[in-house]
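Content type compact mmCIF, C-alpha atoms and all ligand atoms, from the file model-v8.txt:
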# COMPACT_ATOMS: atom_id res chain seq x y z
CA MET A 1 64.10 39.41 30.32
CA THR A 2 63.57 42.99 31.46
CA ASP A 3 65.91 44.42 34.06
CA ALA A 4 63.87 45.05 37.21
CA HIS A 5 65.99 48.13 37.75
CA ALA A 6 65.55 49.44 34.21
CA ALA A 7 64.65 53.09 33.99
CA PRO A 8 60.88 53.62 33.77
CA GLY A 9 59.47 54.54 30.36
CA PRO A 10 58.45 58.06 29.35
CA ARG A 11 55.86 59.61 31.66
CA ILE A 12 53.14 61.91 30.29
CA VAL A 13 51.98 64.46 32.85
CA PRO A 14 49.31 67.05 32.04
CA SER A 15 49.54 70.63 33.10
CA VAL A 16 46.02 71.41 34.30
CA LEU A 17 46.40 75.04 33.18
CA PRO A 18 44.13 74.64 30.10
CA ALA A 19 41.43 72.78 32.08
CA ASP A 20 37.96 74.30 32.60
CA PHE A 21 38.31 75.46 36.23
CA SER A 22 34.51 75.62 36.56
CA ARG A 23 34.56 71.79 36.40
CA PHE A 24 38.07 71.17 37.74
CA GLY A 25 37.23 67.89 39.51
CA GLU A 26 35.63 66.35 36.45
CA ALA A 27 38.62 67.44 34.35
CA CYS A 28 40.95 65.58 36.72
CA VAL A 29 38.80 62.45 36.44
CA GLU A 30 38.90 62.68 32.62
CA LEU A 31 42.69 62.99 32.70
CA GLU A 32 42.98 59.96 34.98
CA LYS A 33 40.77 57.94 32.63
CA ALA A 34 42.95 59.05 29.69
CA GLY A 35 45.94 57.25 31.25
CA VAL A 36 48.20 60.08 32.40
CA ASP A 37 50.91 59.24 34.94
CA ARG A 38 50.20 62.05 37.41
CA LEU A 39 48.85 65.63 37.47
CA GLN A 40 50.88 68.84 37.52
CA PHE A 41 49.39 71.97 39.08
CA ASP A 42 50.89 75.22 37.81
CA VAL A 43 50.99 77.56 40.80
CA MET A 44 51.72 81.15 39.81
CA ASP A 45 51.96 84.20 42.10
CA GLY A 46 51.94 87.12 39.65
CA ARG A 47 55.48 88.08 40.83
CA PHE A 48 57.86 85.32 39.76
CA VAL A 49 55.78 85.02 36.57
CA PRO A 50 53.30 87.54 35.05
CA ASN A 51 50.28 85.35 35.76
CA LEU A 52 48.20 84.26 38.76
CA THR A 53 46.54 80.86 39.21
CA PHE A 54 45.57 79.01 42.40
CA GLY A 55 46.81 78.03 45.86
CA SER A 56 47.01 74.87 47.93
CA ASP A 57 43.34 74.99 49.03
CA VAL A 58 42.20 74.47 45.44
CA ILE A 59 44.52 71.48 45.06
CA ALA A 60 43.37 70.05 48.41
CA SER A 61 39.77 70.20 47.16
CA LEU A 62 40.74 68.02 44.18
CA ARG A 63 42.74 65.41 46.09
CA SER A 64 39.79 63.07 46.69
CA TRP A 65 38.59 63.18 43.08
CA VAL A 66 41.34 60.93 41.69
CA ASP A 67 44.02 58.48 42.84
CA LEU A 68 46.75 59.97 40.65
CA PRO A 69 49.88 61.42 42.29
CA PHE A 70 49.92 65.23 42.35
CA GLU A 71 52.91 67.48 41.72
CA ALA A 72 52.96 71.23 42.31
CA HIS A 73 55.07 73.42 40.03
CA LEU A 74 55.63 76.48 42.22
CA MET A 75 56.32 79.44 39.98
CA ILE A 76 56.41 81.69 43.03
CA GLU A 77 58.91 83.91 44.83
CA GLU A 78 60.23 82.77 48.24
CA PRO A 79 58.73 79.24 48.02
CA ASP A 80 59.85 78.27 51.56
CA LEU A 81 56.81 80.06 52.99
CA LEU A 82 54.16 78.15 51.04
CA ALA A 83 55.76 74.86 49.94
CA PRO A 84 54.78 72.85 53.06
CA GLY A 85 51.13 73.77 52.46
CA PHE A 86 51.22 72.05 49.09
CA VAL A 87 52.53 68.87 50.70
CA ARG A 88 49.65 69.04 53.19
CA ALA A 89 47.25 69.59 50.26
CA GLY A 90 48.24 66.19 48.88
CA CYS A 91 51.11 66.92 46.46
CA GLU A 92 53.83 64.25 46.76
CA LEU A 93 56.32 66.23 44.63
CA ILE A 94 57.04 69.94 44.98
CA ILE A 95 58.96 71.74 42.22
CA ILE A 96 60.56 75.09 43.07
CA HIS A 97 62.56 77.35 40.78
CA ALA A 98 66.29 77.80 41.35
CA GLU A 99 65.77 81.47 40.43
CA ALA A 100 63.05 82.03 43.07
CA THR A 101 65.04 81.48 46.26
CA ARG A 102 68.23 82.97 47.68
CA HIS A 103 69.09 79.68 49.38
CA LEU A 104 68.15 76.78 47.07
CA HIS A 105 69.76 74.08 49.23
CA ARG A 106 67.80 75.21 52.29
CA SER A 107 64.54 75.60 50.31
CA LEU A 108 64.74 72.02 49.06
CA GLY A 109 65.36 70.92 52.64
CA VAL A 110 62.17 72.71 53.73
CA ILE A 111 60.17 70.56 51.28
CA ARG A 112 61.82 67.32 52.45
CA GLU A 113 61.31 68.20 56.11
CA ALA A 114 57.60 68.73 55.32
CA GLY A 115 57.46 65.16 53.97
CA GLY A 116 57.46 65.95 50.25
CA LYS A 117 59.74 64.88 47.44
CA ALA A 118 61.77 67.90 46.34
CA ALA A 119 62.42 69.01 42.76
CA VAL A 120 64.04 72.01 41.12
CA ALA A 121 63.18 73.82 37.89
CA ILE A 122 65.46 76.01 35.76
CA ASN A 123 64.29 78.63 33.28
CA PRO A 124 65.66 78.84 29.73
CA GLY A 125 68.25 81.43 30.78
CA THR A 126 69.60 79.40 33.71
CA PRO A 127 72.48 76.91 33.18
CA VAL A 128 72.30 73.34 34.45
CA GLU A 129 75.28 74.09 36.70
CA ALA A 130 72.86 76.06 38.89
CA VAL A 131 71.50 72.75 40.21
CA ALA A 132 74.61 70.55 40.04
CA SER A 133 75.30 70.93 43.78
CA VAL A 134 71.80 69.96 44.95
CA LEU A 135 71.22 66.75 42.98
CA ASP A 136 71.51 64.79 46.24
CA LEU A 137 68.36 66.55 47.49
CA VAL A 138 66.02 66.14 44.49
CA ASP A 139 63.92 63.43 42.90
CA LEU A 140 63.38 65.44 39.72
CA VAL A 141 64.89 68.28 37.72
CA LEU A 142 62.65 70.32 35.42
CA VAL A 143 64.26 71.97 32.39
CA MET A 144 61.80 74.59 31.14
CA THR A 145 61.38 74.67 27.37
CA VAL A 146 59.47 77.96 27.49
CA ASN A 147 59.70 81.01 29.71
CA PRO A 148 57.19 80.23 32.47
CA GLY A 149 53.84 81.93 32.97
CA PHE A 150 51.54 80.80 30.19
CA GLY A 151 50.49 77.72 28.29
CA GLY A 152 50.40 77.55 24.51
CA GLN A 153 53.88 78.99 23.92
CA ALA A 154 56.33 77.78 21.27
CA TYR A 155 58.80 75.04 22.29
CA LEU A 156 62.39 76.26 22.55
CA ALA A 157 64.37 73.63 20.63
CA SER A 158 67.49 75.55 21.65
CA MET A 159 67.04 73.92 25.08
CA GLU A 160 67.83 70.44 23.73
CA PRO A 161 71.62 70.66 24.24
CA LYS A 162 70.84 71.80 27.79
CA ILE A 163 68.54 68.81 28.32
CA ALA A 164 71.37 66.55 27.10
CA ARG A 165 73.81 68.22 29.52
CA MET A 166 71.33 67.76 32.37
CA ARG A 167 71.01 64.08 31.42
CA GLU A 168 74.82 63.75 31.63
CA LEU A 169 74.89 65.32 35.10
CA ILE A 170 72.06 63.09 36.35
CA ASP A 171 73.65 59.93 34.95
CA ALA A 172 77.03 60.89 36.41
CA SER A 173 75.38 61.36 39.84
CA GLY A 174 74.24 57.71 39.84
CA ARG A 175 70.96 58.85 41.39
CA ALA A 176 67.42 57.97 40.24
CA ILE A 177 66.43 61.52 39.29
CA ASP A 178 63.69 62.19 36.72
CA LEU A 179 64.38 64.71 33.98
CA GLU A 180 61.21 66.64 33.22
CA VAL A 181 60.53 69.15 30.46
CA ASP A 182 57.67 71.65 30.33
CA GLY A 183 56.50 74.03 27.65
CA GLY A 184 55.38 73.54 24.06
CA ILE A 185 55.55 69.74 24.33
CA GLY A 186 53.42 68.10 21.63
CA PRO A 187 53.50 65.64 18.70
CA ALA A 188 55.98 67.79 16.75
CA THR A 189 58.38 68.47 19.64
CA ILE A 190 58.35 65.58 22.13
CA ALA A 191 60.73 63.40 20.09
CA GLY A 192 63.48 66.02 20.22
CA ALA A 193 63.15 66.43 23.98
CA SER A 194 63.07 62.65 24.50
CA ALA A 195 66.10 62.03 22.26
CA ALA A 196 67.96 64.71 24.22
CA GLY A 197 67.36 62.80 27.47
CA ALA A 198 64.06 63.88 29.03
CA ASP A 199 61.83 61.17 30.54
CA VAL A 200 58.90 63.13 32.03
CA PHE A 201 56.86 65.34 29.71
CA ILE A 202 54.50 68.09 30.79
CA ALA A 203 51.83 68.89 28.22
CA GLY A 204 48.86 71.21 28.43
CA THR A 205 47.73 72.52 25.07
CA ALA A 206 48.73 69.37 23.16
CA LEU A 207 46.55 67.21 25.44
CA PHE A 208 43.48 69.42 25.77
CA ARG A 209 43.42 70.47 22.11
CA ASP A 210 43.85 67.06 20.48
CA PRO A 211 40.85 66.64 18.12
CA LEU A 212 40.96 62.88 18.73
CA GLY A 213 40.62 63.36 22.47
CA LEU A 214 42.68 63.04 25.64
CA GLU A 215 43.28 59.29 25.49
CA HIS A 216 44.65 59.54 21.96
CA ALA A 217 46.84 62.50 22.89
CA VAL A 218 48.37 60.68 25.88
CA SER A 219 49.09 57.43 24.05
CA ASP A 220 50.39 59.24 20.95
CA LEU A 221 52.81 61.37 22.98
CA ARG A 222 54.00 58.37 24.96
CA ARG A 223 54.58 56.40 21.73
CA ARG A 224 56.53 59.26 20.13
CA ALA A 225 58.69 59.71 23.22
CA THR A 226 59.42 55.97 23.40
CA GLU A 227 60.29 55.68 19.71
CA ALA A 228 62.66 58.65 19.97
CA ARG A 229 64.70 56.81 22.63
CA SER A 230 65.28 53.65 20.62
C1 LIG B 1 54.41 77.58 31.77
C2 LIG B 1 53.48 76.46 32.03
C3 LIG B 1 53.20 75.73 30.73
C4 LIG B 1 52.23 74.62 30.87
C5 LIG B 1 52.26 73.73 29.65
O1 LIG B 1 54.53 78.35 32.90
O2 LIG B 1 54.05 75.59 32.99
O3 LIG B 1 54.43 75.25 30.25
O4 LIG B 1 52.51 73.95 32.00
O5 LIG B 1 51.86 74.52 28.60
P1 LIG B 1 51.76 73.97 27.09
O6 LIG B 1 51.88 72.48 27.11
O7 LIG B 1 50.42 74.44 26.63
O8 LIG B 1 52.90 74.62 26.38
How would this structure read if it were set down as structure tokens?
Amino acid sequence: MTDAHAAPGPRIVPSVLPADFSRFGEACVELEKAGVDRLQFDVMDGRFVPNLTFGSDVIASLRSWVDLPFEAHLMIEEPDLLAPGFVRAGCELIIIHAEATRHLHRSLGVIREAGGKAAVAINPGTPVEAVASVLDLVDLVLVMTVNPGFGGQAYLASMEPKIARMRELIDASGRAIDLEVDGGIGPATIAGASAAGADVFIAGTALFRDPLGLEHAVSDLRRRATEARS
């Protein structure tokens, strides 16, 4: 008999960063067919991170291609200005960085007032305590396992104690908050992140570069994350 309130199983969420942007819509359809749980769009402004990607108009153009939920990972300075636009573009979850705003509590409120679910990300150098006082405002916390800006970087296993600490804080809050990790997640690293307490896994390179294809990559990662919890 499964508990109806049991925590959901591991979620596998692709970063679309490695996708072929000349056929972005088709790539989203292929990811949906491969069984991913939702799509993450890496939004970069060239200031908060040394890379530049796309804005809300690009995401809006993709909304009708698939039924999957969208989340926007805003690696941008001063996210208050642009965050509502990503909700309007069809993203149900908006992730901002604790390091990118002077007033994190207010910035998360801006997202919620715009009708989105709010989430906060912390870089490898930022302690979990930086988000302890805003857990009542978020549906997800993202612990970065690389320094943000580029796909294909090496997973920072040194973040696993931090993931475990974040898991303790979330469990102590009694709130249904997802613990997401992002960066270098693949067959060799997902078990460590899952065992440490993560339940949502962002993967870019590991999905798009699997020689056996997207569907295999998604199911293999999900199996490895599940086995690591038992
Ligand atoms: C970093 C990016 C990457 C990307 C995933 O700013 O957010 O972490 O989503 O990259 P992979 O899975 O290729 O490490």
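For the set A:Leu68, A:Ile122, A:Ile111, A:Ala83, the residue with the smallest atom-to-atom gap to A:Glu30 is A:Leu68, counting only C-alpha atoms.
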*Write as a PyMOL selection string the residues around ligand LIG 1 (chain B), taking 10 Å as the cut-off and counting all atoms listed in the file.*
chain A and resi 13-18+40-44+49-51+73-75+123+144-155+181-186+201-209
Could the residues in this selection be saved with C-alpha atoms as a PDB file, keeping the file's coordinate frame?
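After the write, result.pdb holds the following:
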ATOM      1  CA  VAL A  13      51.980  64.460  32.850  1.00  0.00           C
ATOM      2  CA  PRO A  14      49.310  67.050  32.040  1.00  0.00           C
ATOM      3  CA  SER A  15      49.540  70.630  33.100  1.00  0.00           C
ATOM      4  CA  VAL A  16      46.020  71.410  34.300  1.00  0.00           C
ATOM      5  CA  LEU A  17      46.400  75.040  33.180  1.00  0.00           C
ATOM      6  CA  PRO A  18      44.130  74.640  30.100  1.00  0.00           C
ATOM      7  CA  GLN A  40      50.880  68.840  37.520  1.00  0.00           C
ATOM      8  CA  PHE A  41      49.390  71.970  39.080  1.00  0.00           C
ATOM      9  CA  ASP A  42      50.890  75.220  37.810  1.00  0.00           C
ATOM     10  CA  VAL A  43      50.990  77.560  40.800  1.00  0.00           C
ATOM     11  CA  MET A  44      51.720  81.150  39.810  1.00  0.00           C
ATOM     12  CA  VAL A  49      55.780  85.020  36.570  1.00  0.00           C
ATOM     13  CA  PRO A  50      53.300  87.540  35.050  1.00  0.00           C
ATOM     14  CA  ASN A  51      50.280  85.350  35.760  1.00  0.00           C
ATOM     15  CA  HIS A  73      55.070  73.420  40.030  1.00  0.00           C
ATOM     16  CA  LEU A  74      55.630  76.480  42.220  1.00  0.00           C
ATOM     17  CA  MET A  75      56.320  79.440  39.980  1.00  0.00           C
ATOM     18  CA  ASN A 123      64.290  78.630  33.280  1.00  0.00           C
ATOM     19  CA  MET A 144      61.800  74.590  31.140  1.00  0.00           C
ATOM     20  CA  THR A 145      61.380  74.670  27.370  1.00  0.00           C
ATOM     21  CA  VAL A 146      59.470  77.960  27.490  1.00  0.00           C
ATOM     22  CA  ASN A 147      59.700  81.010  29.710  1.00  0.00           C
ATOM     23  CA  PRO A 148      57.190  80.230  32.470  1.00  0.00           C
ATOM     24  CA  GLY A 149      53.840  81.930  32.970  1.00  0.00           C
ATOM     25  CA  PHE A 150      51.540  80.800  30.190  1.00  0.00           C
ATOM     26  CA  GLY A 151      50.490  77.720  28.290  1.00  0.00           C
ATOM     27  CA  GLY A 152      50.400  77.550  24.510  1.00  0.00           C
ATOM     28  CA  GLN A 153      53.880  78.990  23.920  1.00  0.00           C
ATOM     29  CA  ALA A 154      56.330  77.780  21.270  1.00  0.00           C
ATOM     30  CA  TYR A 155      58.800  75.040  22.290  1.00  0.00           C
ATOM     31  CA  VAL A 181      60.530  69.150  30.460  1.00  0.00           C
ATOM     32  CA  ASP A 182      57.670  71.650  30.330  1.00  0.00           C
ATOM     33  CA  GLY A 183      56.500  74.030  27.650  1.00  0.00           C
ATOM     34  CA  GLY A 184      55.380  73.540  24.060  1.00  0.00           C
ATOM     35  CA  ILE A 185      55.550  69.740  24.330  1.00  0.00           C
ATOM     36  CA  GLY A 186      53.420  68.100  21.630  1.00  0.00           C
ATOM     37  CA  PHE A 201      56.860  65.340  29.710  1.00  0.00           C
ATOM     38  CA  ILE A 202      54.500  68.090  30.790  1.00  0.00           C
ATOM     39  CA  ALA A 203      51.830  68.890  28.220  1.00  0.00           C
ATOM     40  CA  GLY A 204      48.860  71.210  28.430  1.00  0.00           C
ATOM     41  CA  THR A 205      47.730  72.520  25.070  1.00  0.00           C
ATOM     42  CA  ALA A 206      48.730  69.370  23.160  1.00  0.00           C
ATOM     43  CA  LEU A 207      46.550  67.210  25.440  1.00  0.00           C
ATOM     44  CA  PHE A 208      43.480  69.420  25.770  1.00  0.00           C
ATOM     45  CA  ARG A 209      43.420  70.470  22.110  1.00  0.00           C
TER      46      ARG A 209
END
*Residues near A:Val131, cut-off 12 Å, all atoms listed in the file, skip fewer than 5 positions along chain, as number ranges by chain*: A: 96-99, 103-105, 108, 119-123, 126, 136-138, 140-143, 165-166, 169-170
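Pairwise distance (atom CA of A:Pro84, atom CA of A:Ala114) equals 5.5 Å.
Across A:Cys28, A:Ala157, A:Ala60, A:Ala132, the tightest approach to A:Gly85 is made by A:Ala60 when counting only C-alpha atoms.
Using only C-alpha atoms for every distance, the candidate list A:Ala193, A:Leu81, A:Met159, A:Val58 yields A:Val58 as the residue closest to A:Phe21.
Compared by their closest atoms to A:Asp220, and using only C-alpha atoms, the residues A:Ala191, A:Leu135, A:Ala118, A:Ala100 rank with A:Ala191 nearest.
One finds atom CA of A:Ile177 at 21.7 Å from atom CA of A:Arg224.
Between A:Asp80 and the candidates A:Trp65, A:Leu93, A:Pro124, A:Ser107, the tightest atom-to-atom separation, counting only C-alpha atoms, involves A:Ser107.
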*Figure out the distance between atom CA of A:Ser194 and atom CA of A:Ser133, please, to one decimal in Å.*
24.3 Å
Would you list the residues near (65.7, 65.3, 27.1), meaning any protein, DNA or RNA residue with an atom at most 7 Å from that point in file coordinates, counting only C-alpha atoms, as a PDB file with C-alpha atoms, in the frame of the given file?
ATOM      1  CA  GLU A 160      67.830  70.440  23.730  1.00  0.00           C
ATOM      2  CA  ILE A 163      68.540  68.810  28.320  1.00  0.00           C
ATOM      3  CA  ALA A 164      71.370  66.550  27.100  1.00  0.00           C
ATOM      4  CA  ARG A 167      71.010  64.080  31.420  1.00  0.00           C
ATOM      5  CA  ALA A 193      63.150  66.430  23.980  1.00  0.00           C
ATOM      6  CA  SER A 194      63.070  62.650  24.500  1.00  0.00           C
ATOM      7  CA  ALA A 195      66.100  62.030  22.260  1.00  0.00           C
ATOM      8  CA  ALA A 196      67.960  64.710  24.220  1.00  0.00           C
ATOM      9  CA  GLY A 197      67.360  62.800  27.470  1.00  0.00           C
ATOM     10  CA  ALA A 198      64.060  63.880  29.030  1.00  0.00           C
ATOM     11  CA  ASP A 199      61.830  61.170  30.540  1.00  0.00           C
TER      12      ASP A 199
END
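You can rank A:Pro8, A:Pro161, A:Gly213, A:Gly25 by their closest distance to A:Arg63 using all atoms listed in the file, and at the top of that list sits A:Gly25.
By all atoms listed in the file, and with residues fewer than 6 positions from A:Asp210 along its chain excluded, the set lying at most 10 Å from it is A:Gly186, A:Pro187, A:His216, A:Ala217, A:Val218.
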All heavy atoms are what I want for stretch 113-124 of chain A; can you complete it accordingly and write them as a CSV table (one decimal), keeping the file's coordinate frame?
chain,number,residue,atom,x,y,z
A,113,GLU,N,61.7,68.2,54.7
A,113,GLU,CA,61.3,68.2,56.1
A,113,GLU,C,59.8,68.2,56.3
A,113,GLU,O,59.3,67.6,57.2
A,113,GLU,CB,61.9,69.4,56.8
A,113,GLU,CG,63.4,69.3,57.1
A,113,GLU,CD,64.1,70.7,57.2
A,113,GLU,OE1,63.4,71.6,57.5
A,113,GLU,OE2,65.3,70.8,56.9
A,114,ALA,N,59.1,68.7,55.3
A,114,ALA,CA,57.6,68.7,55.3
A,114,ALA,C,57.0,67.4,54.8
A,114,ALA,O,55.8,67.2,54.9
A,114,ALA,CB,57.1,69.9,54.5
A,115,GLY,N,57.9,66.5,54.4
A,115,GLY,CA,57.5,65.2,54.0
A,115,GLY,C,57.3,65.0,52.5
A,115,GLY,O,56.7,64.0,52.0
A,116,GLY,N,57.6,66.0,51.7
A,116,GLY,CA,57.5,66.0,50.2
A,116,GLY,C,58.7,65.5,49.5
A,116,GLY,O,59.8,65.6,50.1
A,117,LYS,N,58.6,65.1,48.3
A,117,LYS,CA,59.7,64.9,47.4
A,117,LYS,C,60.1,66.2,46.8
A,117,LYS,O,59.2,67.0,46.4
A,117,LYS,CB,59.4,63.9,46.3
A,117,LYS,CG,59.2,62.5,46.8
A,117,LYS,CD,58.9,61.6,45.6
A,117,LYS,CE,58.6,60.1,46.0
A,117,LYS,NZ,58.2,59.3,44.8
A,118,ALA,N,61.4,66.6,46.8
A,118,ALA,CA,61.8,67.9,46.3
A,118,ALA,C,62.3,67.8,44.9
A,118,ALA,O,62.8,66.8,44.5
A,118,ALA,CB,62.9,68.4,47.2
A,119,ALA,N,62.0,68.9,44.2
A,119,ALA,CA,62.4,69.0,42.8
A,119,ALA,C,62.7,70.5,42.5
A,119,ALA,O,62.2,71.4,43.1
A,119,ALA,CB,61.3,68.5,41.8
A,120,VAL,N,63.6,70.7,41.5
A,120,VAL,CA,64.0,72.0,41.1
A,120,VAL,C,63.9,72.2,39.6
A,120,VAL,O,64.1,71.3,38.8
A,120,VAL,CB,65.5,72.3,41.5
A,120,VAL,CG1,66.5,71.3,40.9
A,120,VAL,CG2,65.9,73.7,41.3
A,121,ALA,N,63.4,73.4,39.3
A,121,ALA,CA,63.2,73.8,37.9
A,121,ALA,C,64.2,74.9,37.5
A,121,ALA,O,64.5,75.7,38.4
A,121,ALA,CB,61.8,74.3,37.7
A,122,ILE,N,64.6,74.9,36.3
A,122,ILE,CA,65.5,76.0,35.8
A,122,ILE,C,64.9,76.6,34.5
A,122,ILE,O,64.4,75.8,33.6
A,122,ILE,CB,66.9,75.5,35.5
A,122,ILE,CG1,67.0,74.3,34.7
A,122,ILE,CG2,67.7,75.4,36.8
A,122,ILE,CD1,68.4,73.8,34.3
A,123,ASN,N,64.8,77.9,34.4
A,123,ASN,CA,64.3,78.6,33.3
A,123,ASN,C,65.3,78.6,32.1
A,123,ASN,O,66.4,78.2,32.3
A,123,ASN,CB,64.0,80.1,33.7
A,123,ASN,CG,62.8,80.2,34.5
A,123,ASN,OD1,61.9,79.4,34.5
A,123,ASN,ND2,62.8,81.2,35.4
A,124,PRO,N,64.8,78.9,30.9
A,124,PRO,CA,65.7,78.8,29.7
A,124,PRO,C,67.0,79.6,29.9
A,124,PRO,O,68.0,79.1,29.3
A,124,PRO,CB,64.8,79.5,28.6
A,124,PRO,CG,63.4,79.1,29.0
A,124,PRO,CD,63.4,79.2,30.6
